[in-house]
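Visitor: So I've got this file, protein.cif, and it contains mmCIF, C-alpha atoms and all ligand atoms:
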```cif
data_target
loop_
_atom_site.label_atom_id
_atom_site.label_comp_id
_atom_site.auth_asym_id
_atom_site.auth_seq_id
_atom_site.Cartn_x
_atom_site.Cartn_y
_atom_site.Cartn_z
CA MET E 9 -34.80 -88.49 -40.29
CA THR E 10 -36.59 -90.69 -37.81
CA GLU E 11 -36.80 -94.11 -39.47
CA LEU E 12 -37.66 -97.00 -37.14
CA ILE E 13 -35.44 -100.00 -37.80
CA LEU E 14 -35.60 -103.42 -36.17
CA GLY E 15 -32.19 -105.04 -35.74
CA ILE E 16 -31.62 -108.78 -35.31
CA GLU E 17 -28.36 -110.34 -34.07
CA SER E 18 -27.59 -114.06 -33.79
CA SER E 19 -23.97 -114.49 -34.89
CA CYS E 20 -22.61 -116.19 -31.77
CA ASP E 21 -24.14 -116.89 -28.37
CA GLU E 22 -26.47 -113.93 -27.88
CA THR E 23 -29.95 -113.78 -29.41
CA ALA E 24 -30.78 -110.09 -29.67
CA ALA E 25 -33.36 -107.73 -31.15
CA ALA E 26 -33.66 -103.96 -30.89
CA VAL E 27 -35.51 -101.01 -32.35
CA VAL E 28 -33.54 -97.84 -33.12
CA ARG E 29 -35.01 -94.52 -34.31
CA GLY E 30 -33.05 -92.27 -36.67
CA ALA E 31 -29.86 -94.42 -36.46
CA ARG E 32 -29.03 -93.23 -32.92
CA GLU E 33 -31.94 -93.34 -30.50
CA VAL E 34 -32.43 -96.68 -28.72
CA VAL E 35 -36.16 -97.37 -28.52
CA SER E 36 -35.85 -100.92 -27.18
CA SER E 37 -33.16 -103.57 -26.75
CA VAL E 38 -33.47 -107.22 -25.74
CA VAL E 39 -30.53 -109.62 -25.39
CA HIS E 40 -30.87 -113.27 -24.45
CA SER E 41 -27.46 -114.64 -23.48
CA GLN E 42 -26.75 -118.36 -23.87
CA ILE E 43 -23.84 -118.25 -21.40
CA ASP E 44 -25.48 -120.74 -19.02
CA GLU E 45 -25.93 -123.24 -21.85
CA HIS E 46 -22.24 -123.14 -22.84
CA ALA E 47 -20.57 -122.59 -19.44
CA GLU E 48 -19.99 -126.27 -18.63
CA PHE E 49 -18.06 -126.65 -21.93
CA GLY E 50 -15.82 -123.61 -21.29
CA GLY E 51 -16.71 -122.09 -24.67
CA VAL E 52 -19.45 -121.73 -27.27
CA VAL E 53 -20.69 -125.04 -28.72
CA PRO E 54 -21.93 -124.20 -32.26
CA GLU E 55 -24.72 -126.78 -32.41
CA ILE E 56 -26.13 -125.74 -29.03
CA ALA E 57 -25.92 -122.09 -30.11
CA GLY E 58 -27.86 -122.63 -33.34
CA ARG E 59 -30.65 -124.57 -31.64
CA SER E 60 -30.93 -122.06 -28.83
CA HIS E 61 -31.29 -119.16 -31.32
CA LEU E 62 -34.07 -121.09 -33.03
CA VAL E 63 -35.98 -121.41 -29.75
CA LYS E 64 -35.45 -117.83 -28.56
CA ILE E 65 -35.42 -115.62 -31.61
CA LEU E 66 -39.14 -114.98 -32.12
CA PRO E 67 -39.83 -114.39 -28.41
CA VAL E 68 -36.87 -111.95 -28.34
CA VAL E 69 -38.12 -110.07 -31.44
CA ASP E 70 -41.60 -110.00 -29.95
CA ARG E 71 -40.30 -108.53 -26.68
CA ALA E 72 -38.27 -105.86 -28.50
CA LEU E 73 -41.41 -104.72 -30.36
CA GLU E 74 -43.49 -104.86 -27.19
CA GLN E 75 -40.93 -102.78 -25.22
CA ALA E 76 -40.97 -100.26 -28.05
CA GLY E 77 -44.77 -100.23 -28.13
CA LEU E 78 -44.66 -100.94 -31.85
CA GLU E 79 -46.04 -103.38 -34.40
CA LEU E 80 -44.14 -104.78 -37.37
CA ASP E 81 -46.13 -102.45 -39.65
CA ASP E 82 -44.72 -99.39 -37.84
CA LEU E 83 -41.19 -100.28 -38.96
CA ASP E 84 -39.28 -98.83 -41.91
CA GLY E 85 -36.89 -101.73 -42.34
CA ILE E 86 -35.26 -104.82 -40.86
CA ALA E 87 -31.50 -105.12 -40.38
CA VAL E 88 -29.77 -108.38 -39.63
CA THR E 89 -26.23 -109.63 -38.98
CA ARG E 90 -25.18 -111.45 -42.12
CA GLN E 91 -21.48 -112.07 -41.29
CA PRO E 92 -19.12 -113.10 -39.75
CA GLY E 93 -20.06 -115.70 -37.14
CA LEU E 94 -21.17 -119.28 -36.59
CA ILE E 95 -22.99 -120.27 -39.75
CA GLY E 96 -25.78 -122.23 -38.04
CA SER E 97 -26.42 -119.26 -35.74
CA LEU E 98 -26.33 -116.63 -38.48
CA LEU E 99 -28.79 -118.62 -40.59
CA VAL E 100 -31.43 -118.41 -37.86
CA GLY E 101 -31.32 -114.60 -37.68
CA VAL E 102 -31.13 -114.15 -41.45
CA SER E 103 -34.07 -116.52 -42.05
CA VAL E 104 -36.25 -114.74 -39.51
CA ALA E 105 -35.31 -111.27 -40.79
CA LYS E 106 -36.02 -112.31 -44.37
CA SER E 107 -39.38 -113.82 -43.51
CA LEU E 108 -40.53 -110.78 -41.53
CA ALA E 109 -39.33 -108.34 -44.21
CA PHE E 110 -40.87 -110.42 -47.01
CA THR E 111 -44.27 -110.77 -45.40
CA ARG E 112 -44.47 -107.06 -44.45
CA GLY E 113 -42.89 -105.72 -47.65
CA LEU E 114 -40.09 -104.03 -45.70
CA PRO E 115 -36.54 -103.36 -46.90
CA LEU E 116 -34.02 -105.98 -45.71
CA VAL E 117 -30.57 -104.70 -44.71
CA PRO E 118 -27.59 -107.04 -44.22
CA VAL E 119 -25.04 -105.85 -41.63
CA HIS E 120 -21.41 -106.78 -41.00
CA HIS E 121 -20.98 -107.67 -37.32
CA ILE E 122 -17.49 -106.12 -36.97
CA GLU E 123 -18.54 -102.83 -38.54
CA ALA E 124 -21.51 -102.83 -36.17
CA HIS E 125 -19.25 -103.19 -33.10
CA VAL E 126 -17.44 -100.03 -34.26
CA TYR E 127 -20.74 -98.28 -34.99
CA ALA E 128 -21.79 -98.89 -31.35
CA ALA E 129 -18.94 -96.58 -30.28
CA SER E 130 -19.74 -93.97 -32.94
CA MET E 131 -23.32 -93.78 -31.59
CA GLU E 132 -21.79 -92.18 -28.46
CA CYS E 133 -20.17 -89.34 -30.46
CA GLU E 134 -21.87 -85.93 -30.72
CA THR E 135 -20.40 -85.35 -34.19
CA PRO E 136 -19.25 -88.02 -36.69
CA PRO E 137 -15.66 -89.00 -35.74
CA TYR E 138 -14.53 -90.00 -39.25
CA PRO E 139 -11.90 -90.58 -40.46
CA CYS E 140 -10.68 -92.36 -37.33
CA ILE E 141 -9.02 -95.50 -36.00
CA ALA E 142 -11.24 -98.41 -34.92
CA LEU E 143 -10.17 -101.14 -32.50
CA VAL E 144 -12.39 -104.23 -32.40
CA VAL E 145 -11.68 -106.53 -29.46
CA SER E 146 -13.99 -109.47 -28.93
CA GLY E 147 -13.98 -113.20 -28.36
CA GLY E 148 -13.52 -113.86 -32.07
CA HIS E 149 -11.69 -110.77 -33.35
CA THR E 150 -8.90 -108.41 -32.44
CA ALA E 151 -8.09 -105.93 -35.19
CA LEU E 152 -7.29 -102.31 -35.98
CA TYR E 153 -8.91 -100.45 -38.88
CA ARG E 154 -8.81 -97.08 -40.50
CA ALA E 155 -12.48 -96.05 -40.76
CA GLU E 156 -13.45 -93.48 -43.41
CA SER E 157 -17.14 -93.88 -42.59
CA PRO E 158 -19.32 -96.43 -40.73
CA VAL E 159 -19.22 -98.71 -43.77
CA SER E 160 -15.77 -98.07 -45.18
CA MET E 161 -13.04 -99.61 -43.06
CA THR E 162 -9.53 -100.65 -44.12
CA LEU E 163 -7.80 -103.35 -42.08
CA LEU E 164 -4.47 -102.11 -40.65
CA GLY E 165 -3.55 -105.15 -38.59
CA THR E 166 -5.03 -108.13 -36.84
CA THR E 167 -4.00 -110.94 -34.51
CA LEU E 168 -1.65 -113.65 -35.71
CA ASP E 169 -3.35 -116.21 -33.47
CA ASP E 170 -5.85 -115.78 -30.60
CA ALA E 171 -8.29 -112.91 -30.20
CA ALA E 172 -7.93 -110.93 -26.94
CA GLY E 173 -11.25 -112.24 -25.56
CA GLU E 174 -10.22 -115.79 -26.43
CA ALA E 175 -6.96 -115.28 -24.46
CA PHE E 176 -9.01 -114.11 -21.45
CA ASP E 177 -11.24 -117.18 -21.81
CA LYS E 178 -8.26 -119.58 -21.98
CA VAL E 179 -6.41 -118.01 -19.06
CA SER E 180 -9.64 -118.10 -17.07
CA TRP E 181 -9.79 -121.82 -17.70
CA LEU E 182 -6.22 -122.21 -16.35
CA LEU E 183 -7.02 -120.09 -13.29
CA GLY E 184 -10.33 -121.85 -12.70
CA THR E 185 -12.38 -118.66 -12.79
CA GLY E 186 -15.04 -119.92 -15.20
CA TYR E 187 -16.66 -118.82 -18.44
CA PRO E 188 -16.81 -116.24 -19.93
CA GLY E 189 -13.27 -115.49 -18.90
CA GLY E 190 -13.04 -111.74 -19.45
CA PRO E 191 -15.21 -110.51 -16.59
CA ALA E 192 -14.01 -113.35 -14.29
CA VAL E 193 -10.27 -112.79 -14.81
CA SER E 194 -10.80 -109.05 -14.55
CA ALA E 195 -12.62 -109.41 -11.21
CA LEU E 196 -9.82 -111.60 -9.82
CA ALA E 197 -7.22 -109.16 -11.20
CA ARG E 198 -8.63 -106.37 -9.05
CA GLU E 199 -7.19 -108.17 -5.99
CA GLY E 200 -3.75 -108.61 -7.59
CA ASN E 201 -0.68 -106.60 -8.55
CA PRO E 202 -0.44 -105.93 -12.31
CA ARG E 203 3.34 -105.49 -11.97
CA ALA E 204 3.96 -108.75 -10.09
CA ILE E 205 4.95 -110.78 -13.17
CA ALA E 206 6.55 -109.36 -16.32
CA PHE E 207 4.62 -111.31 -18.97
CA PRO E 208 5.86 -110.75 -22.57
CA ARG E 209 4.31 -108.26 -25.02
CA TYR E 210 4.35 -109.09 -28.71
CA ARG E 211 5.94 -106.35 -30.82
CA PRO E 212 5.22 -106.32 -34.57
CA LYS E 213 7.86 -105.21 -37.08
CA SER E 214 8.42 -101.48 -37.33
CA GLY E 215 5.85 -99.82 -39.57
CA GLU E 216 3.28 -102.53 -38.82
CA VAL E 217 0.52 -102.87 -36.26
CA GLY E 218 -0.80 -106.17 -35.00
CA PHE E 219 -1.34 -108.53 -32.12
CA SER E 220 -0.38 -111.99 -30.91
CA PHE E 221 -1.66 -113.48 -27.67
CA SER E 222 -0.62 -117.14 -27.90
CA GLY E 223 2.90 -116.42 -26.55
CA LEU E 224 1.38 -114.63 -23.58
CA LYS E 225 -1.00 -117.52 -22.93
CA THR E 226 1.94 -119.96 -23.00
CA ALA E 227 3.93 -117.69 -20.67
CA VAL E 228 1.04 -117.81 -18.19
CA LEU E 229 0.94 -121.61 -18.48
CA TYR E 230 4.72 -121.96 -17.89
CA HIS E 231 4.56 -119.54 -14.99
CA LEU E 232 1.86 -121.71 -13.39
CA ARG E 233 4.12 -124.74 -13.90
CA GLY E 234 6.86 -122.98 -11.94
CA GLY E 235 8.94 -122.25 -15.02
CA ASP E 236 9.20 -125.94 -15.94
CA ALA E 237 7.45 -126.37 -19.30
CA LEU E 238 7.13 -130.13 -18.80
CA ALA E 239 5.70 -130.00 -15.28
CA ALA E 240 2.03 -130.74 -14.67
CA THR E 241 -0.36 -127.79 -14.67
CA PRO E 242 -1.50 -127.22 -11.07
CA GLU E 243 -5.14 -127.38 -10.08
CA PRO E 244 -6.58 -123.84 -9.87
CA SER E 245 -7.03 -124.14 -6.09
CA ALA E 246 -3.31 -124.94 -5.71
CA ILE E 247 -2.08 -121.88 -7.65
CA GLU E 248 -0.22 -119.39 -5.48
CA GLY E 249 -0.74 -115.72 -6.23
CA ARG E 250 -3.65 -116.37 -8.63
CA ALA E 251 -4.77 -112.74 -8.43
CA ASP E 252 -1.25 -111.51 -9.33
CA VAL E 253 -1.23 -113.81 -12.37
CA ALA E 254 -4.65 -112.49 -13.45
CA ALA E 255 -3.63 -108.85 -12.92
CA SER E 256 -0.28 -109.23 -14.71
CA PHE E 257 -1.92 -111.06 -17.62
CA GLU E 258 -4.62 -108.39 -17.92
CA ALA E 259 -1.96 -105.66 -17.83
CA ALA E 260 -0.06 -107.36 -20.67
CA VAL E 261 -3.19 -107.63 -22.87
CA VAL E 262 -4.22 -104.04 -22.16
CA ASP E 263 -0.71 -102.72 -22.80
CA ALA E 264 -0.59 -104.48 -26.20
CA LEU E 265 -4.04 -103.17 -27.20
CA VAL E 266 -3.31 -99.57 -26.21
CA THR E 267 0.23 -99.49 -27.61
CA GLN E 268 -0.83 -100.81 -31.02
CA THR E 269 -3.84 -98.49 -31.17
CA LEU E 270 -1.69 -95.44 -30.48
CA ARG E 271 0.81 -96.61 -33.06
CA ALA E 272 -2.00 -96.85 -35.64
CA CYS E 273 -3.15 -93.31 -34.75
CA GLU E 274 0.36 -91.99 -35.20
CA GLU E 275 0.97 -93.76 -38.50
CA GLN E 276 -2.39 -92.74 -39.95
CA GLY E 277 -2.21 -89.22 -38.50
CA LEU E 278 -5.63 -89.60 -36.83
CA GLY E 279 -6.77 -88.27 -33.46
CA HIS E 280 -9.89 -90.28 -32.62
CA VAL E 281 -10.28 -93.95 -31.70
CA LEU E 282 -13.54 -95.94 -31.59
CA VAL E 283 -13.34 -99.12 -29.51
CA GLY E 284 -15.89 -101.95 -29.72
CA GLY E 285 -16.44 -105.64 -28.90
CA GLY E 286 -16.87 -107.55 -25.63
CA VAL E 287 -13.35 -106.86 -24.33
CA ALA E 288 -14.14 -103.12 -24.54
CA CYS E 289 -16.11 -103.72 -21.30
CA ASN E 290 -12.77 -104.23 -19.56
CA ARG E 291 -12.24 -101.55 -16.91
CA MET E 292 -8.44 -101.52 -17.16
CA LEU E 293 -8.59 -101.20 -20.96
CA ARG E 294 -11.06 -98.31 -20.73
CA ASP E 295 -8.96 -96.49 -18.11
CA GLU E 296 -5.55 -97.09 -19.72
CA MET E 297 -6.80 -96.23 -23.21
CA GLN E 298 -8.26 -92.95 -21.95
CA ARG E 299 -5.13 -92.10 -19.94
CA ARG E 300 -2.58 -92.84 -22.66
CA CYS E 301 -4.70 -91.34 -25.45
CA ALA E 302 -5.09 -88.11 -23.45
CA GLU E 303 -1.28 -87.88 -23.18
CA ARG E 304 -1.13 -87.85 -27.00
CA ASP E 305 -4.12 -85.59 -27.54
CA VAL E 306 -6.11 -88.49 -29.02
CA ARG E 307 -9.82 -88.98 -28.21
CA ALA E 308 -11.06 -92.47 -27.37
CA THR E 309 -14.76 -93.40 -27.40
CA PHE E 310 -16.19 -96.60 -25.93
CA PRO E 311 -19.83 -97.74 -26.04
CA SER E 312 -21.53 -98.24 -22.68
CA PRO E 313 -20.81 -101.83 -21.55
CA ALA E 314 -24.22 -103.15 -22.65
CA TYR E 315 -23.38 -102.17 -26.23
CA CYS E 316 -19.80 -103.53 -26.17
CA THR E 317 -20.88 -107.17 -26.02
CA ASP E 318 -23.13 -108.55 -28.76
CA ASN E 319 -26.41 -106.66 -29.06
CA ALA E 320 -28.90 -105.66 -31.75
CA VAL E 321 -28.82 -101.90 -31.18
CA MET E 322 -25.57 -101.72 -33.13
CA ILE E 323 -27.15 -103.78 -35.93
CA ALA E 324 -30.25 -101.56 -36.15
CA GLY E 325 -28.13 -98.38 -35.94
CA LEU E 326 -25.70 -99.33 -38.68
CA GLY E 327 -28.58 -100.89 -40.62
CA THR E 328 -30.22 -97.46 -40.73
CA GLU E 329 -27.09 -95.87 -42.23
CA LEU E 330 -26.96 -98.66 -44.81
CA LEU E 331 -30.64 -98.26 -45.66
CA ARG E 332 -30.07 -94.54 -46.22
CA ALA E 333 -27.21 -95.46 -48.58
CA GLY E 334 -29.49 -97.88 -50.45
CA ALA E 335 -27.51 -100.97 -49.38
CA THR E 336 -30.47 -103.36 -49.13
CA ALA E 337 -30.59 -107.06 -50.05
CA ASP E 338 -33.01 -109.04 -52.16
CA TRP E 339 -34.78 -112.24 -51.08
CA SER E 340 -31.80 -114.38 -52.06
CA LEU E 341 -29.69 -113.03 -49.17
CA ASP E 342 -27.49 -115.70 -47.55
CA ALA E 343 -25.31 -115.76 -44.43
CA GLN E 344 -21.51 -115.94 -44.42
CA ALA E 345 -19.27 -117.37 -41.72
CA ARG E 346 -16.33 -115.14 -42.72
O1 LIG T 401 -18.27 -109.11 -28.65
P1 LIG T 401 -18.57 -110.31 -27.82
O2 LIG T 401 -19.81 -110.28 -26.94
O3 LIG T 401 -18.72 -111.59 -28.71
C1 LIG T 401 -17.92 -111.81 -29.85
O4 LIG T 401 -18.29 -111.28 -30.94
O5 LIG T 401 -16.90 -112.50 -29.67
O6 LIG T 401 -17.27 -110.60 -26.93
C2 LIG T 401 -17.18 -111.67 -26.02
C3 LIG T 401 -15.77 -111.69 -25.42
C4 LIG T 401 -15.51 -112.90 -24.54
O7 LIG T 401 -14.28 -113.49 -24.93
C5 LIG T 401 -15.40 -112.30 -23.14
O8 LIG T 401 -14.52 -113.02 -22.30
C6 LIG T 401 -14.89 -110.91 -23.43
O9 LIG T 401 -15.57 -110.52 -24.60
N1 LIG T 401 -15.19 -109.96 -22.34
C7 LIG T 401 -14.23 -109.37 -21.59
C8 LIG T 401 -14.92 -108.60 -20.60
N2 LIG T 401 -16.25 -108.75 -20.80
C9 LIG T 401 -16.40 -109.59 -21.87
N3 LIG T 401 -12.90 -109.42 -21.66
C10 LIG T 401 -12.20 -108.71 -20.75
N4 LIG T 401 -12.76 -107.97 -19.77
C11 LIG T 401 -14.11 -107.88 -19.65
N5 LIG T 401 -14.65 -107.15 -18.67
ZN ZN T 402 -19.34 -109.53 -31.35
#
```
In structure tokens, how does this file's structure come out?
Guide:
Amino acid sequence: MTELILGIESSCDETAAAVVRGAREVVSSVVHSQIDEHAEFGGVVPEIAGRSHLVKILPVVDRALEQAGLELDDLDGIAVTRQPGLIGSLLVGVSVAKSLAFTRGLPLVPVHHIEAHVYAASMECETPPYPCIALVVSGGHTALYRAESPVSMTLLGTTLDDAAGEAFDKVSWLLGTGYPGGPAVSALAREGNPRAIAFPRYRPKSGEVGFSFSGLKTAVLYHLRGGDALAATPEPSAIEGRADVAASFEAAVVDALVTQTLRACEEQGLGHVLVGGGVACNRMLRDEMQRRCAERDVRATFPSPAYCTDNAVMIAGLGTELLRAGATADWSLDAQAR
């Protein structure tokens, strides 16, 4: 089938719209990032995010249609991120999607943002990979699932505290490398030795999978204070071996993510992993996951970097699957933060 679906994403700090044909073919994709608006605060400010979506969303939708050479009346449906995310941000996308669908008499399809991150990886697979393990690693989430299909996922384990992307963002703040932290820490890490400092790895109880990154973050902080928990935190410019700290921190995060993913594969008896979310851009994670999965005869699939971070292609793609399954919403659709 070759349905044309418009996807709309506004759950956090990217305003995005895309058109996808037949659930897999990207016809157009536009992402407006708000990074510059949040950078000085070192993280996403919800009120700024909501207002910025309001300003950008129609121009972004317009550009996605223009790039595709399409009009609203050419579409077969409109998919939108309904949850989870910042409520004021989600409401902007949901309101626009509802209005467009209502005025054009198009089906309206609500999409779960986490399932969409996983779907982005499945779009790279020649044949459907299900059942499989899914690892979602972003600024807000770090979790492992057993996926029976694109829309049927069972949570196997999550983080007890910070998400992996959040840990990158916080360590970046300590190291003075800016926001967003993932790409910045990773760039600095390339000049350092990942074995220089043995930062701790959280190990869940046997038979369980899961993550915890707050202990690691504290270990980085104490290391910067020279092992004296009560000492002052040095200014970033005064930190010795900053690149070694970045590389050793990155190695600890990547090791935890890969180890837990392989454990989930073993316990579930599954041989394919889909990885999604902003942290899936990370070069070391991509390389280490591929290397260690290959040793166990497990396949790992990542989206191309543009579809790891928030985008609307994944929303339109999964929205198409949902439309085929009849999972549409009526005009009372709301947004949900969780
Ligand atoms: O999926 P995403 O765009 O937004 C959320 O849904 O959270 O992920 C953003 C997160 C940020 O925390 C950012 O620091 C992290 O992904 N990130 C990375 C890299 N690129 C983005 N983390 C590590 N390495 C990267 N190369
Ligand atoms: Zn996301």
Visitor: So that I can check the surroundings of Ala335 (chain E), please list as a list in words every protein, DNA and RNA residue that reaches within 7 Å of it, counting all atoms listed in the file and ignoring chain neighbours fewer than 4 positions away.
Guide: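 The residues satisfying every condition are Val117, Leu330 and Leu331 of chain E.
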Visitor: Show me which residues are within 7 Å of ligand LIG 401 (chain T) counting all atoms listed in the file, and format the list as a VMD selection string.
Guide: chain E and resid 20 146 to 149 173 to 174 176 to 177 188 to 191 194 285 to 291 316 to 318
Visitor: If we count only C-alpha atoms, what is near Glu45 (chain E) at a cut-off of 12 Å, once residues fewer than 5 positions away on the same chain are taken out, given as a PDB file with C-alpha atoms, in the frame of the given file?
Guide:
```
ATOM      1  CA  ASP E  21     -24.140-116.890 -28.370  1.00  0.00           C
ATOM      2  CA  GLU E  22     -26.470-113.930 -27.880  1.00  0.00           C
ATOM      3  CA  HIS E  40     -30.870-113.270 -24.450  1.00  0.00           C
ATOM      4  CA  GLY E  50     -15.820-123.610 -21.290  1.00  0.00           C
ATOM      5  CA  GLY E  51     -16.710-122.090 -24.670  1.00  0.00           C
ATOM      6  CA  VAL E  52     -19.450-121.730 -27.270  1.00  0.00           C
ATOM      7  CA  VAL E  53     -20.690-125.040 -28.720  1.00  0.00           C
ATOM      8  CA  PRO E  54     -21.930-124.200 -32.260  1.00  0.00           C
ATOM      9  CA  GLU E  55     -24.720-126.780 -32.410  1.00  0.00           C
ATOM     10  CA  ILE E  56     -26.130-125.740 -29.030  1.00  0.00           C
ATOM     11  CA  ALA E  57     -25.920-122.090 -30.110  1.00  0.00           C
ATOM     12  CA  GLY E  58     -27.860-122.630 -33.340  1.00  0.00           C
ATOM     13  CA  ARG E  59     -30.650-124.570 -31.640  1.00  0.00           C
ATOM     14  CA  SER E  60     -30.930-122.060 -28.830  1.00  0.00           C
ATOM     15  CA  HIS E  61     -31.290-119.160 -31.320  1.00  0.00           C
ATOM     16  CA  TYR E 187     -16.660-118.820 -18.440  1.00  0.00           C
ATOM     17  CA  PRO E 188     -16.810-116.240 -19.930  1.00  0.00           C
TER      18      PRO E 188
END
```
Visitor: Calculated over all atoms listed in the file, which of the candidates E:Ile65, E:Ala142, E:Ala264, E:Val281 has the smallest distance to Val159 (chain E)?
Guide: E:Ala142
Visitor: With only C-alpha atoms and all ligand atoms as the atoms that count, which of E:Phe257, E:Trp181, E:Tyr138, E:Tyr127 lies nearest to ligand ZN 402 (chain T)?
Guide: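 Checking each candidate against ligand ZN 402 (chain T), we get E:Tyr127 as the closest.
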Visitor: Between E:His121, E:Arg112, E:Arg209, E:Arg32, single out the one closest to Val88 (chain E), counting only C-alpha atoms.
Guide: E:His121
Visitor: I'd like to know which of E:Ala237, E:Ala272, E:Thr166, E:Gly249 is closest to Phe219 (chain E), using only C-alpha atoms.
Guide: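 Once distances to Phe219 (chain E) are computed over only C-alpha atoms, the minimum belongs to E:Thr166.
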Visitor: With a distance cut-off of 8 Å and all atoms listed in the file, select the neighbouring residues of Gly186 (chain E), excluding the residue or stretch itself and same-chain residues fewer than 6 positions from it, and output the selection as JSON, numbers by chain.
Guide: {"E": [47, 50, 180, 192]}
Visitor: Quick one: write out the picked residues with C-alpha atoms as an mmCIF file, in the frame of the given file?
Guide:
```cif
data_model
loop_
_atom_site.group_PDB
_atom_site.id
_atom_site.type_symbol
_atom_site.label_atom_id
_atom_site.label_comp_id
_atom_site.auth_asym_id
_atom_site.auth_seq_id
_atom_site.Cartn_x
_atom_site.Cartn_y
_atom_site.Cartn_z
ATOM 1 C CA ALA E 47 -20.570 -122.590 -19.440
ATOM 2 C CA GLY E 50 -15.820 -123.610 -21.290
ATOM 3 C CA SER E 180 -9.640 -118.100 -17.070
ATOM 4 C CA ALA E 192 -14.010 -113.350 -14.290
#
```
Visitor: List the neighbours of Phe110 (chain E) out to 8 Å using all atoms listed in the file; skip same-chain residues closer than 4 positions along the sequence, and give me the result as a PyMOL selection string.
Guide: chain E and resi 106+114+339
Visitor: My list of candidates is E:Leu73, E:Ala333, E:Val228, E:Ala260. Which is closest to Ala172 (chain E) when distances are computed with only C-alpha atoms?
Guide: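 Ranking E:Leu73, E:Ala333, E:Val228, E:Ala260 by distance to Ala172 (chain E), first place goes to E:Ala260.
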Visitor: Could you tell me how far CA of Val283 (chain E) sits from CA of Ser312 (chain E), in Å to one decimal place?
Guide: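 Computed distance, CA of Ser312 (chain E) to CA of Val283 (chain E), equals 10.7 Å.
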Visitor: What's the separation between CA of Cys133 (chain E) and CA of Thr162 (chain E), in Å to one decimal place?
Guide: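 Between CA of Cys133 (chain E) and CA of Thr162 (chain E) the gap is 20.7 Å.
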